[in-house]
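Take a look at the structure below.
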Number of protein chains: 2
Amino acid sequence: MSLLSINKSGNVITLIFHNPAVLAAVGGLTLCGFHSVVRSLANSVGLTFKKSRIGANEKGWASATRPEDFRDWGGALLKWITDYRENCRDIHVISRVEPNYLQKGLPTSAPTVGEGWQSIMSDLDSKILPGLTHWEASNRFFAYFKPHASYPAVLGEMLCAGLNVMGFDWIASPACTELEVVTLDWLGQFLNLPDKFLGSSEGPGGGVIQGSAGESATVVLLAAAVRKQKAQSERTKMVVYVSDQTHAIAQKATMILGIRCRVVKTSIENRFEMQAADLEAAIEEDVKNGLCPIAAVATTGTTSSCAFDPLVPIAAVCKKRDLWVHVDAAYGGAYACLDKYREKFEGLEEVDSFCVNCHKKLLCPFDIAALYVANRRPILDALSLQPEYLRNAHSESGAVVDFEHWQMPLGRRFRSLKLWFVMRRFGTEGLRFHVQNGCDLADYFADLVEKDEELEISVPVSLSLVCFRWKGRGEEDQQRLLDAVKATGEAFVIHTKLDGRIVIRVACGGVEQTKEDVLGCYNVISRELRRIK
Amino acid sequence: MSLLSINKSGNVITLIFHNPAVLAAVGGLTLCGFHSVVRSLANSVGLTFKKSRIGANEKGWASATRPEDFRDWGGALLKWITDYRENCRDIHVISRVEPNYLQKGLPTSAPTVGEGWQSIMSDLDSKILPGLTHWEASNRFFAYFKPHASYPAVLGEMLCAGLNVMGFDWIASPACTELEVVTLDWLGQFLNLPDKFLGSSEGPGGGVIQGSAGESATVVLLAAAVRKQKAQSERTKMVVYVSDQTHAIAQKATMILGIRCRVVKTSIENRFEMQAADLEAAIEEDVKNGLCPIAAVATTGTTSSCAFDPLVPIAAVCKKRDLWVHVDAAYGGAYACLDKYREKFEGLEEVDSFCVNCHKKLLCPFDIAALYVANRRPILDALSLQPEYLRNAHSESGAVVDFEHWQMPLGRRFRSLKLWFVMRRFGTEGLRFHVQNGCDLADYFADLVEKDEELEISVPVSLSLVCFRWKGRGEEDQQRLLDAVKATGEAFVIHTKLDGRIVIRVACGGVEQTKEDVLGCYNVISRELRRIK
């Protein structure tokens, strides 16, 4: 089917678009003058120029395999995505649908005959959009840690899917493995990581892309367990140390692995940082009781308050008993690119592994976590298997990296593409601006809080996070304030508990967030507080 | 910067495209007559129409956040992907680069100043393309199991990245959770799965998207272990049963979990199917020795030869000792939509879980594995954790599904979008055609092998896989033949070992593969065999 027909009737030329994607493309071109060229040329010879739209409704699946269909509707979807991001900045940020809204709104079984894109696109607007909480698009999103799927990274994900190569071993697609090594080295340098973590270094270390900080923690804790297997065969006797501020992923990892998890308490006096002396006391007690300490997880930028566990003393304590030290820098890691946070990351030379989520502050869509290890060997020992159908000459030569042995699943996407696009398109300059901007916005927001007599900052502002409370009020009022703010849909903020007390968290964004956005968030909080006071 | 300028000089109008994406878009429109309208209108008034291209080289990162940049270069990338798929069908299928080719070809650190898309796109051609083994694009790919990232699914992945919502719990984006329930129910019905696996059923079962069959196996085996924890606290005493044909992912899962893996031998006489009697003997022996059997993994469509373990007797044996039965249908599961394979899946009513990879035969790009469980409770028991910052009223009401508790990581992408696009765009008709076509092609290839006096089929053809040997020749000759075929780059086939002997595997494709492609593969094998004979 042709995409466009031209009717000449008398002195009128009508262009009939059978496909809204082409219409959209022409619409785009209009902006840059193309359309008007046609119009003025038509006018100059005494013709009238009109365009009209005839909806295509191609049935059946045959067209779904056609390149034109992909390009046309891909173009329409690119536009849908930009429209979403442009138009949904100021709408109710939290979805207000009722449970099972979609089950009720969609057919109970798949269509027999393939449908056209038009009906799918129309369902995106009418059925999917209402069920979204706007993590990416909204400038009212200050909950969790704001993600940033920059446009170049979205294209990287599209290319990854379009190529659909499997990167489990080197020969499965050398570019997939090698671009990962290159981009993780670029990132490692950008974050001022020690050389030992770089793939290009002489040593046994290197980086690997995992799906998440949780998978990364599970992989390194497994390696730590296998490393101690000779000394202690029972995993239930092995212990991993975390603090009460460590993200739940670490505890989940120990549940998966069947290892004990011991929680070291922190306190507000020490800004919720794990104290090396407390860690050491816990380790020594466990050793005395016949247990086998295998690893500690330190966090640089905790979820609740962006606290930084002190790496140097923690690593020193762990060294005495040969514990693996893993640094969970899922969110905070990105800030290692800023001079003002350099000292917070001191001690990385002494730790065994480091994980930063590129899908948090590094402009990539979920999922891409960069895991760096000082020594790959314990991970390979824990996860290597070589079934017959995967044996090949390259792998057996030992000259190449086969990342399947660095992770839990076998298959792997070409995920480095999105990070590569980001690093090239933004440059270290653009990336650093983005990270710095988050800090600046948080400082600005903290200023607003400090000037408000009804509010009080709970812990020193760290990274892009501000934690505060309704001053002089009890827990119930904090919750009332939170609920009131959430209900407006004008700002999405969540709470955490610090020292047993509810604290409101405002996590600022980056490159696309402005002071006005942050002021807007403050204004909602301030207004609601005064309303329910 | 404008995308297009118009120069009028004398009687010549020149359109100058500053952006190749726009040029490409106009090029596309040319095909449908738009361009020629301009030309003929220009001609009719005595003007000459020319277009010229001026390379844009916009520096810096500011434009990387602009919607136009995303749409324009997204359009260019859509075209790059279709060109790749159209033009790389007949090129050397296995990458021929040397180890470290890319490290040598790319800068050792990220650029400071953001680069324009043109240089990135140019590197895609010159640096990435040579390092690809063409899983998706090539019609010469008969190795492993051919993946099929259909165009609609690629767009689904793009949309997922563009929205970038986190789906860990319901309120994080209800559409993400609910579309997953809906599409997995659609898929379950399409595959004739028992009702107990559907989310819409009354019972405690349901489906969940995992990254891979490996993650799925790890999750269910963990659930099986936790279920037995009261009876046996040491994981090293727990045993999971697999056959020597089970994919290595199952063994990897037991390594992660710290559980024993016992391998039940199969034989060519029983077409490499796990025998229930052998399984039972192994279980009883282990029980006698004080071990604790917890689960068995049955495979419907093994990797080496697409053998089907008999589910009914295996489930009966496992029931006696209360073992969890997991069915790994990573590849074979898709064939449950065909009547002729219905009986091979008999017994699903009796098993506890079932996993099929939508990224294998169901037209989705990696990664999307559909895991169905008869009872979600043991999985929730094994993986639930609710830290303070994730507590919310909806989850606590119990009225919604929070998929974070069904999986190892916390975060989750909106992966059901790609499956939804596939099922709507192809319909069950199109999907079934695709699966059936793979079978037809395999039958056709098997015919060619059977008619060739130099070759012999090794096991009955199953699904889309043909296993054969060079007749009357030893192992060395099989390897010589394999190496010769691979070296041509005209067909990518791999080997496996069955009964200790090398067997050549040819896995046929689906919707986009033709008889000519399969004949081409056979011709290469036949020609090379005669050349090295």
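Identifiers in the structure tokens: chain A, B, ... in order shown; residue index from 1 per chain; ligand index from 1 in order shown.
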
Original post:
Hey, what does DSSP flag as alpha helix (DSSP H) within range 352-391 of chain B? Can you give it to me as a list in words?
Top reply: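 Of range 352-391 of chain B, the ones in alpha helix (DSSP H) are Cys358, His359, Lys360, Lys361, Arg377, Pro378, Ile379, Leu380, Asp381, Ala382 and Leu383 of chain B.
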
Using only C-alpha atoms, determine which residues lie at most 10 Å from range 414-421 of chain B, disregarding the query and same-chain residues fewer than 6 positions distant; provide the list as a PDB file with N, CA and C atoms, in the first residue's frame.
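Now in around.pdb:
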```pdb
ATOM      1  N   ALA A 110      -5.661 -12.796  23.668  1.00  0.00           N
ATOM      2  CA  ALA A 110      -4.980 -12.115  22.567  1.00  0.00           C
ATOM      3  C   ALA A 110      -5.839 -12.165  21.312  1.00  0.00           C
ATOM      4  N   GLY A 114      -3.815 -10.268  13.610  1.00  0.00           N
ATOM      5  CA  GLY A 114      -2.972  -9.148  14.019  1.00  0.00           C
ATOM      6  C   GLY A 114      -3.659  -7.807  13.818  1.00  0.00           C
ATOM      7  N   GLU A 115      -3.462  -6.904  14.746  1.00  0.00           N
ATOM      8  CA  GLU A 115      -4.094  -5.591  14.678  1.00  0.00           C
ATOM      9  C   GLU A 115      -3.144  -4.563  14.069  1.00  0.00           C
ATOM     10  N   TRP A 117      -1.297  -0.794  13.902  1.00  0.00           N
ATOM     11  CA  TRP A 117      -0.651   0.030  14.916  1.00  0.00           C
ATOM     12  C   TRP A 117      -1.586   1.091  15.481  1.00  0.00           C
ATOM     13  N   ILE A 120      -3.277   0.061  18.557  1.00  0.00           N
ATOM     14  CA  ILE A 120      -2.320  -0.088  19.665  1.00  0.00           C
ATOM     15  C   ILE A 120      -1.927   1.284  20.205  1.00  0.00           C
ATOM     16  N   MET A 121      -1.628   2.192  19.281  1.00  0.00           N
ATOM     17  CA  MET A 121      -1.230   3.542  19.700  1.00  0.00           C
ATOM     18  C   MET A 121      -2.360   4.229  20.460  1.00  0.00           C
ATOM     19  N   ILE A 128      -2.835   2.802  28.774  1.00  0.00           N
ATOM     20  CA  ILE A 128      -1.544   2.717  29.478  1.00  0.00           C
ATOM     21  C   ILE A 128      -1.245   4.010  30.240  1.00  0.00           C
ATOM     22  N   PHE A 366      16.695   2.142  33.119  1.00  0.00           N
ATOM     23  CA  PHE A 366      16.852   0.851  33.762  1.00  0.00           C
ATOM     24  C   PHE A 366      16.873  -0.232  32.678  1.00  0.00           C
TER      25      PHE A 366
ATOM     26  N   ALA B 149      13.879 -10.992  17.123  1.00  0.00           N
ATOM     27  CA  ALA B 149      13.412  -9.721  17.681  1.00  0.00           C
ATOM     28  C   ALA B 149      12.609  -9.034  16.591  1.00  0.00           C
ATOM     29  N   SER B 150      11.315  -9.317  16.584  1.00  0.00           N
ATOM     30  CA  SER B 150      10.470  -8.736  15.543  1.00  0.00           C
ATOM     31  C   SER B 150      10.425  -7.224  15.710  1.00  0.00           C
ATOM     32  N   TYR B 151      10.130  -6.559  14.621  1.00  0.00           N
ATOM     33  CA  TYR B 151      10.085  -5.095  14.650  1.00  0.00           C
ATOM     34  C   TYR B 151       9.134  -4.536  15.718  1.00  0.00           C
ATOM     35  N   PRO B 152       7.916  -5.056  15.827  1.00  0.00           N
ATOM     36  CA  PRO B 152       7.034  -4.500  16.871  1.00  0.00           C
ATOM     37  C   PRO B 152       7.640  -4.621  18.271  1.00  0.00           C
ATOM     38  N   ALA B 153       8.336  -5.731  18.521  1.00  0.00           N
ATOM     39  CA  ALA B 153       8.919  -5.917  19.856  1.00  0.00           C
ATOM     40  C   ALA B 153      10.080  -4.961  20.096  1.00  0.00           C
ATOM     41  N   VAL B 154      10.824  -4.645  19.037  1.00  0.00           N
ATOM     42  CA  VAL B 154      11.909  -3.670  19.181  1.00  0.00           C
ATOM     43  C   VAL B 154      11.320  -2.315  19.582  1.00  0.00           C
ATOM     44  N   LEU B 155      10.201  -1.988  18.989  1.00  0.00           N
ATOM     45  CA  LEU B 155       9.531  -0.729  19.355  1.00  0.00           C
ATOM     46  C   LEU B 155       9.025  -0.785  20.799  1.00  0.00           C
ATOM     47  N   GLY B 156       8.589  -1.961  21.216  1.00  0.00           N
ATOM     48  CA  GLY B 156       8.155  -2.122  22.606  1.00  0.00           C
ATOM     49  C   GLY B 156       9.302  -1.854  23.579  1.00  0.00           C
ATOM     50  N   GLU B 157      10.472  -2.324  23.210  1.00  0.00           N
ATOM     51  CA  GLU B 157      11.649  -2.103  24.065  1.00  0.00           C
ATOM     52  C   GLU B 157      12.005  -0.614  24.103  1.00  0.00           C
ATOM     53  N   MET B 158      11.873   0.029  22.948  1.00  0.00           N
ATOM     54  CA  MET B 158      12.142   1.467  22.891  1.00  0.00           C
ATOM     55  C   MET B 158      11.167   2.230  23.781  1.00  0.00           C
ATOM     56  N   LEU B 159       9.907   1.863  23.703  1.00  0.00           N
ATOM     57  CA  LEU B 159       8.899   2.535  24.515  1.00  0.00           C
ATOM     58  C   LEU B 159       9.170   2.313  26.005  1.00  0.00           C
ATOM     59  N   CYS B 160       9.527   1.087  26.333  1.00  0.00           N
ATOM     60  CA  CYS B 160       9.861   0.751  27.723  1.00  0.00           C
ATOM     61  C   CYS B 160      10.960   1.668  28.231  1.00  0.00           C
ATOM     62  N   ALA B 161      11.996   1.864  27.421  1.00  0.00           N
ATOM     63  CA  ALA B 161      13.103   2.742  27.820  1.00  0.00           C
ATOM     64  C   ALA B 161      12.644   4.203  27.867  1.00  0.00           C
ATOM     65  N   LEU B 163       9.636   5.399  28.523  1.00  0.00           N
ATOM     66  CA  LEU B 163       8.802   5.647  29.703  1.00  0.00           C
ATOM     67  C   LEU B 163       9.638   5.565  30.976  1.00  0.00           C
ATOM     68  N   ASN B 164      10.515   4.552  30.989  1.00  0.00           N
ATOM     69  CA  ASN B 164      11.426   4.335  32.124  1.00  0.00           C
ATOM     70  C   ASN B 164      10.723   4.364  33.476  1.00  0.00           C
ATOM     71  N   VAL B 165       9.585   3.718  33.553  1.00  0.00           N
ATOM     72  CA  VAL B 165       8.957   3.556  34.862  1.00  0.00           C
ATOM     73  C   VAL B 165       9.552   2.329  35.541  1.00  0.00           C
ATOM     74  N   MET B 166       9.580   2.357  36.869  1.00  0.00           N
ATOM     75  CA  MET B 166      10.056   1.210  37.619  1.00  0.00           C
ATOM     76  C   MET B 166       8.830   0.430  38.060  1.00  0.00           C
ATOM     77  N   GLY B 167       8.852  -0.853  37.834  1.00  0.00           N
ATOM     78  CA  GLY B 167       7.641  -1.612  38.146  1.00  0.00           C
ATOM     79  C   GLY B 167       7.773  -2.490  39.359  1.00  0.00           C
ATOM     80  N   PHE B 168       8.597  -2.107  40.331  1.00  0.00           N
ATOM     81  CA  PHE B 168       8.838  -3.054  41.430  1.00  0.00           C
ATOM     82  C   PHE B 168       7.586  -3.353  42.239  1.00  0.00           C
ATOM     83  N   SER B 173       3.894   1.975  39.239  1.00  0.00           N
ATOM     84  CA  SER B 173       3.275   2.174  37.928  1.00  0.00           C
ATOM     85  C   SER B 173       2.310   1.025  37.655  1.00  0.00           C
ATOM     86  N   ALA B 175       0.190   0.317  35.480  1.00  0.00           N
ATOM     87  CA  ALA B 175       0.107  -0.227  34.126  1.00  0.00           C
ATOM     88  C   ALA B 175       1.176  -1.289  33.908  1.00  0.00           C
ATOM     89  N   CYS B 176       2.339  -1.077  34.480  1.00  0.00           N
ATOM     90  CA  CYS B 176       3.455  -2.007  34.307  1.00  0.00           C
ATOM     91  C   CYS B 176       3.108  -3.365  34.917  1.00  0.00           C
ATOM     92  N   THR B 177       2.589  -3.368  36.116  1.00  0.00           N
ATOM     93  CA  THR B 177       2.205  -4.622  36.768  1.00  0.00           C
ATOM     94  C   THR B 177       1.007  -5.258  36.055  1.00  0.00           C
ATOM     95  N   GLU B 178       0.018  -4.461  35.759  1.00  0.00           N
ATOM     96  CA  GLU B 178      -1.230  -5.048  35.241  1.00  0.00           C
ATOM     97  C   GLU B 178      -1.098  -5.520  33.796  1.00  0.00           C
ATOM     98  N   LEU B 179      -0.328  -4.808  32.982  1.00  0.00           N
ATOM     99  CA  LEU B 179      -0.157  -5.283  31.609  1.00  0.00           C
ATOM    100  C   LEU B 179       0.612  -6.614  31.601  1.00  0.00           C
ATOM    101  N   GLU B 180       1.475  -6.759  32.589  1.00  0.00           N
ATOM    102  CA  GLU B 180       2.219  -8.014  32.710  1.00  0.00           C
ATOM    103  C   GLU B 180       1.272  -9.171  33.027  1.00  0.00           C
ATOM    104  N   VAL B 181       0.350  -8.932  33.944  1.00  0.00           N
ATOM    105  CA  VAL B 181      -0.623  -9.971  34.288  1.00  0.00           C
ATOM    106  C   VAL B 181      -1.476 -10.309  33.054  1.00  0.00           C
ATOM    107  N   VAL B 182      -1.930  -9.280  32.361  1.00  0.00           N
ATOM    108  CA  VAL B 182      -2.795  -9.494  31.194  1.00  0.00           C
ATOM    109  C   VAL B 182      -2.069 -10.245  30.073  1.00  0.00           C
ATOM    110  N   THR B 183      -0.875  -9.770  29.711  1.00  0.00           N
ATOM    111  CA  THR B 183      -0.184 -10.403  28.566  1.00  0.00           C
ATOM    112  C   THR B 183       0.276 -11.816  28.900  1.00  0.00           C
ATOM    113  N   LEU B 184       0.670 -12.041  30.160  1.00  0.00           N
ATOM    114  CA  LEU B 184       1.079 -13.399  30.503  1.00  0.00           C
ATOM    115  C   LEU B 184      -0.124 -14.343  30.502  1.00  0.00           C
ATOM    116  N   TRP B 186      -2.671 -13.925  28.410  1.00  0.00           N
ATOM    117  CA  TRP B 186      -2.869 -14.135  26.968  1.00  0.00           C
ATOM    118  C   TRP B 186      -1.918 -15.235  26.457  1.00  0.00           C
ATOM    119  N   LEU B 187      -0.659 -15.091  26.868  1.00  0.00           N
ATOM    120  CA  LEU B 187       0.347 -16.051  26.401  1.00  0.00           C
ATOM    121  C   LEU B 187       0.051 -17.444  26.940  1.00  0.00           C
ATOM    122  N   VAL B 208       4.885 -14.299  35.902  1.00  0.00           N
ATOM    123  CA  VAL B 208       5.743 -13.135  36.171  1.00  0.00           C
ATOM    124  C   VAL B 208       6.859 -13.137  35.127  1.00  0.00           C
ATOM    125  N   ILE B 209       7.258 -11.944  34.713  1.00  0.00           N
ATOM    126  CA  ILE B 209       8.353 -11.857  33.751  1.00  0.00           C
ATOM    127  C   ILE B 209       9.684 -11.828  34.495  1.00  0.00           C
ATOM    128  N   GLN B 210      10.565 -12.743  34.122  1.00  0.00           N
ATOM    129  CA  GLN B 210      11.930 -12.748  34.638  1.00  0.00           C
ATOM    130  C   GLN B 210      12.854 -12.432  33.461  1.00  0.00           C
ATOM    131  N   GLY B 211      14.119 -12.198  33.762  1.00  0.00           N
ATOM    132  CA  GLY B 211      15.038 -11.877  32.685  1.00  0.00           C
ATOM    133  C   GLY B 211      15.358 -13.061  31.802  1.00  0.00           C
ATOM    134  N   CYS B 358      10.312 -15.789  25.999  1.00  0.00           N
ATOM    135  CA  CYS B 358       9.683 -15.075  24.884  1.00  0.00           C
ATOM    136  C   CYS B 358      10.747 -14.542  23.923  1.00  0.00           C
ATOM    137  N   HIS B 359      12.001 -14.496  24.367  1.00  0.00           N
ATOM    138  CA  HIS B 359      13.076 -14.027  23.499  1.00  0.00           C
ATOM    139  C   HIS B 359      13.680 -15.161  22.671  1.00  0.00           C
ATOM    140  N   LEU B 362       9.342 -16.481  20.530  1.00  0.00           N
ATOM    141  CA  LEU B 362       8.095 -15.713  20.595  1.00  0.00           C
ATOM    142  C   LEU B 362       8.282 -14.252  20.174  1.00  0.00           C
ATOM    143  N   LEU B 363       9.245 -14.043  19.269  1.00  0.00           N
ATOM    144  CA  LEU B 363       9.372 -12.775  18.528  1.00  0.00           C
ATOM    145  C   LEU B 363       9.792 -11.557  19.357  1.00  0.00           C
ATOM    146  N   CYS B 364      10.260 -11.782  20.590  1.00  0.00           N
ATOM    147  CA  CYS B 364      10.734 -10.669  21.407  1.00  0.00           C
ATOM    148  C   CYS B 364      12.260 -10.657  21.472  1.00  0.00           C
ATOM    149  N   PRO B 365      12.855  -9.469  21.549  1.00  0.00           N
ATOM    150  CA  PRO B 365      14.301  -9.421  21.797  1.00  0.00           C
ATOM    151  C   PRO B 365      14.597  -9.831  23.235  1.00  0.00           C
ATOM    152  N   ASP B 367      15.684  -9.297  26.911  1.00  0.00           N
ATOM    153  CA  ASP B 367      15.415 -10.436  27.732  1.00  0.00           C
ATOM    154  C   ASP B 367      13.999 -10.421  28.265  1.00  0.00           C
ATOM    155  N   ILE B 368      13.292 -11.522  28.047  1.00  0.00           N
ATOM    156  CA  ILE B 368      11.954 -11.668  28.624  1.00  0.00           C
ATOM    157  C   ILE B 368      11.590 -13.147  28.723  1.00  0.00           C
ATOM    158  N   ALA B 369      11.619 -13.641  29.943  1.00  0.00           N
ATOM    159  CA  ALA B 369      11.239 -15.027  30.205  1.00  0.00           C
ATOM    160  C   ALA B 369       9.925 -15.012  30.981  1.00  0.00           C
ATOM    161  N   ALA B 370       8.964 -15.801  30.545  1.00  0.00           N
ATOM    162  CA  ALA B 370       7.688 -15.885  31.256  1.00  0.00           C
ATOM    163  C   ALA B 370       7.739 -17.075  32.200  1.00  0.00           C
ATOM    164  N   GLY B 427      -1.058 -11.215  16.302  1.00  0.00           N
ATOM    165  CA  GLY B 427      -2.211 -12.051  16.621  1.00  0.00           C
ATOM    166  C   GLY B 427      -1.754 -13.479  16.848  1.00  0.00           C
TER     167      GLY B 427
END
```

Original post:
To one decimal place, how far is CA of Cys261 in chain A from CA of Val373 in chain A in Å?
Top reply: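 Interatomic distance, CA of Cys261 in chain A to CA of Val373 in chain A: 21.6 Å.
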
Subject >> Minimum-distance residue to Asp309 in chain A, chosen among A:Phe272, A:Tyr372, A:Trp170, A:Phe145 (using only C-alpha atoms) >> reply: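 Once distances to Asp309 in chain A are computed over only C-alpha atoms, the minimum belongs to A:Phe272.
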
**OP:** Quick one: everything within 12 Å of Asn270 in chain B, counting only C-alpha atoms, minus sequence neighbours fewer than 2 positions away in the same chain. Send it as a list of chain:residue names.
**Re:**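 Surrounding residues, per the criterion: B:Lys265, B:Thr266, B:Ser267, B:Ile268, B:Phe272, B:Glu273, B:Met274, B:Gln275, B:Ala276, B:Asp278, B:Ala307, B:Phe308, B:Asp309, B:Pro310, B:Val459, B:Pro460, B:Asp499.
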
Got time to write the residues from that selection, all heavy atoms, as a compact mmCIF listing (two decimals), in the first residue's frame?
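Output (part_39.txt):
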```txt
# COMPACT_ATOMS: atom_id res chain seq x y z
N LYS B 265 21.26 -39.75 34.37
CA LYS B 265 21.75 -40.04 33.01
C LYS B 265 20.58 -40.37 32.06
O LYS B 265 19.61 -41.01 32.46
CB LYS B 265 22.70 -41.24 33.04
CG LYS B 265 24.06 -40.96 33.65
CD LYS B 265 25.15 -41.05 32.58
CE LYS B 265 26.54 -40.73 33.10
NZ LYS B 265 26.64 -39.81 34.22
N THR B 266 20.77 -39.97 30.82
CA THR B 266 19.80 -40.36 29.79
C THR B 266 20.54 -41.18 28.74
O THR B 266 21.77 -41.30 28.79
CB THR B 266 19.20 -39.13 29.08
OG1 THR B 266 20.24 -38.46 28.38
CG2 THR B 266 18.53 -38.19 30.06
N SER B 267 19.80 -41.75 27.81
CA SER B 267 20.46 -42.56 26.78
C SER B 267 19.79 -42.37 25.43
O SER B 267 18.64 -41.92 25.35
CB SER B 267 20.41 -44.03 27.17
OG SER B 267 19.06 -44.47 27.06
N ILE B 268 20.50 -42.72 24.41
CA ILE B 268 19.97 -42.58 23.06
C ILE B 268 18.75 -43.48 22.86
O ILE B 268 17.82 -43.13 22.12
CB ILE B 268 21.06 -42.84 22.00
CG1 ILE B 268 20.57 -42.37 20.63
CG2 ILE B 268 21.50 -44.30 21.97
CD1 ILE B 268 21.68 -42.20 19.62
N PHE B 272 17.15 -39.56 24.80
CA PHE B 272 17.71 -38.57 25.74
C PHE B 272 16.64 -37.93 26.64
O PHE B 272 16.77 -36.81 27.09
CB PHE B 272 18.52 -37.51 24.99
CG PHE B 272 19.63 -38.11 24.17
CD1 PHE B 272 19.51 -38.24 22.79
CD2 PHE B 272 20.76 -38.60 24.79
CE1 PHE B 272 20.52 -38.83 22.04
CE2 PHE B 272 21.78 -39.19 24.05
CZ PHE B 272 21.65 -39.31 22.66
N GLU B 273 15.58 -38.67 26.90
CA GLU B 273 14.55 -38.21 27.83
C GLU B 273 14.85 -38.74 29.23
O GLU B 273 15.21 -39.91 29.37
CB GLU B 273 13.17 -38.71 27.38
CG GLU B 273 12.75 -38.18 26.01
CD GLU B 273 11.64 -39.00 25.35
OE1 GLU B 273 11.08 -39.90 26.02
OE2 GLU B 273 11.35 -38.76 24.16
N MET B 274 14.66 -37.93 30.23
CA MET B 274 14.87 -38.37 31.61
C MET B 274 13.81 -39.42 31.94
O MET B 274 12.62 -39.20 31.73
CB MET B 274 14.77 -37.19 32.57
CG MET B 274 14.92 -37.58 34.04
SD MET B 274 15.50 -36.23 35.11
CE MET B 274 14.20 -35.03 34.97
N GLN B 275 14.25 -40.55 32.48
CA GLN B 275 13.33 -41.62 32.82
C GLN B 275 12.91 -41.51 34.28
O GLN B 275 13.76 -41.40 35.17
CB GLN B 275 13.99 -42.98 32.57
CG GLN B 275 14.39 -43.20 31.11
CD GLN B 275 13.20 -43.10 30.16
OE1 GLN B 275 12.27 -43.90 30.24
NE2 GLN B 275 13.20 -42.09 29.28
N ALA B 276 11.60 -41.54 34.49
CA ALA B 276 11.08 -41.39 35.85
C ALA B 276 11.65 -42.44 36.81
O ALA B 276 11.94 -42.14 37.98
CB ALA B 276 9.55 -41.44 35.83
N ASP B 278 14.59 -43.83 36.72
CA ASP B 278 15.96 -43.45 37.09
C ASP B 278 15.94 -42.30 38.11
O ASP B 278 16.74 -42.27 39.05
CB ASP B 278 16.75 -43.00 35.85
CG ASP B 278 16.89 -44.13 34.84
OD1 ASP B 278 16.75 -45.32 35.24
OD2 ASP B 278 17.13 -43.83 33.64
N ALA B 307 14.80 -32.84 23.11
CA ALA B 307 14.10 -33.97 23.73
C ALA B 307 13.08 -33.45 24.74
O ALA B 307 13.24 -32.37 25.31
CB ALA B 307 15.10 -34.87 24.43
N PHE B 308 12.02 -34.24 24.95
CA PHE B 308 10.97 -33.89 25.91
C PHE B 308 10.98 -34.88 27.06
O PHE B 308 10.68 -36.05 26.87
CB PHE B 308 9.59 -33.94 25.24
CG PHE B 308 9.26 -32.70 24.45
CD1 PHE B 308 9.89 -32.46 23.24
CD2 PHE B 308 8.33 -31.78 24.93
CE1 PHE B 308 9.59 -31.31 22.51
CE2 PHE B 308 8.02 -30.64 24.21
CZ PHE B 308 8.65 -30.39 22.99
N ASP B 309 11.28 -34.39 28.26
CA ASP B 309 11.16 -35.26 29.43
C ASP B 309 9.68 -35.53 29.67
O ASP B 309 8.86 -34.61 29.57
CB ASP B 309 11.77 -34.58 30.66
CG ASP B 309 13.29 -34.43 30.54
OD1 ASP B 309 13.91 -35.23 29.82
OD2 ASP B 309 13.84 -33.50 31.17
N PRO B 310 9.32 -36.78 29.98
CA PRO B 310 7.90 -37.12 30.18
C PRO B 310 7.39 -36.56 31.51
O PRO B 310 7.80 -37.02 32.57
CB PRO B 310 7.90 -38.65 30.17
CG PRO B 310 9.28 -39.04 30.57
CD PRO B 310 10.21 -37.94 30.14
N VAL B 459 19.11 -38.03 15.82
CA VAL B 459 17.92 -38.28 16.66
C VAL B 459 16.72 -37.78 15.87
O VAL B 459 16.86 -36.93 14.98
CB VAL B 459 17.99 -37.53 18.01
CG1 VAL B 459 18.96 -38.16 18.97
CG2 VAL B 459 18.29 -36.06 17.79
N PRO B 460 15.53 -38.29 16.18
CA PRO B 460 14.35 -37.82 15.44
C PRO B 460 14.25 -36.29 15.50
O PRO B 460 14.54 -35.69 16.53
CB PRO B 460 13.18 -38.45 16.20
CG PRO B 460 13.76 -39.62 16.91
CD PRO B 460 15.18 -39.27 17.22
N ASP B 499 25.52 -38.76 23.68
CA ASP B 499 26.11 -40.08 23.90
C ASP B 499 27.63 -40.03 23.69
O ASP B 499 28.22 -40.98 23.18
CB ASP B 499 25.48 -41.06 22.89
CG ASP B 499 25.09 -42.36 23.59
OD1 ASP B 499 25.01 -42.37 24.84
OD2 ASP B 499 24.89 -43.36 22.89
```

**OP:** Rounded to one decimal place, report the CA of Leu129 in chain A-CA of Ser464 in chain A distance in Å.
**Re:**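 Separating CA of Leu129 in chain A from CA of Ser464 in chain A is a distance of 28.4 Å.
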
Original post:
Taking into account only C-alpha atoms, which residue in the set B:Arg271, B:Lys533, B:Lys320, B:Arg260 is nearest to Arg480 in chain B?
Top reply: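 The answer is B:Lys533, which sits nearest to Arg480 in chain B.
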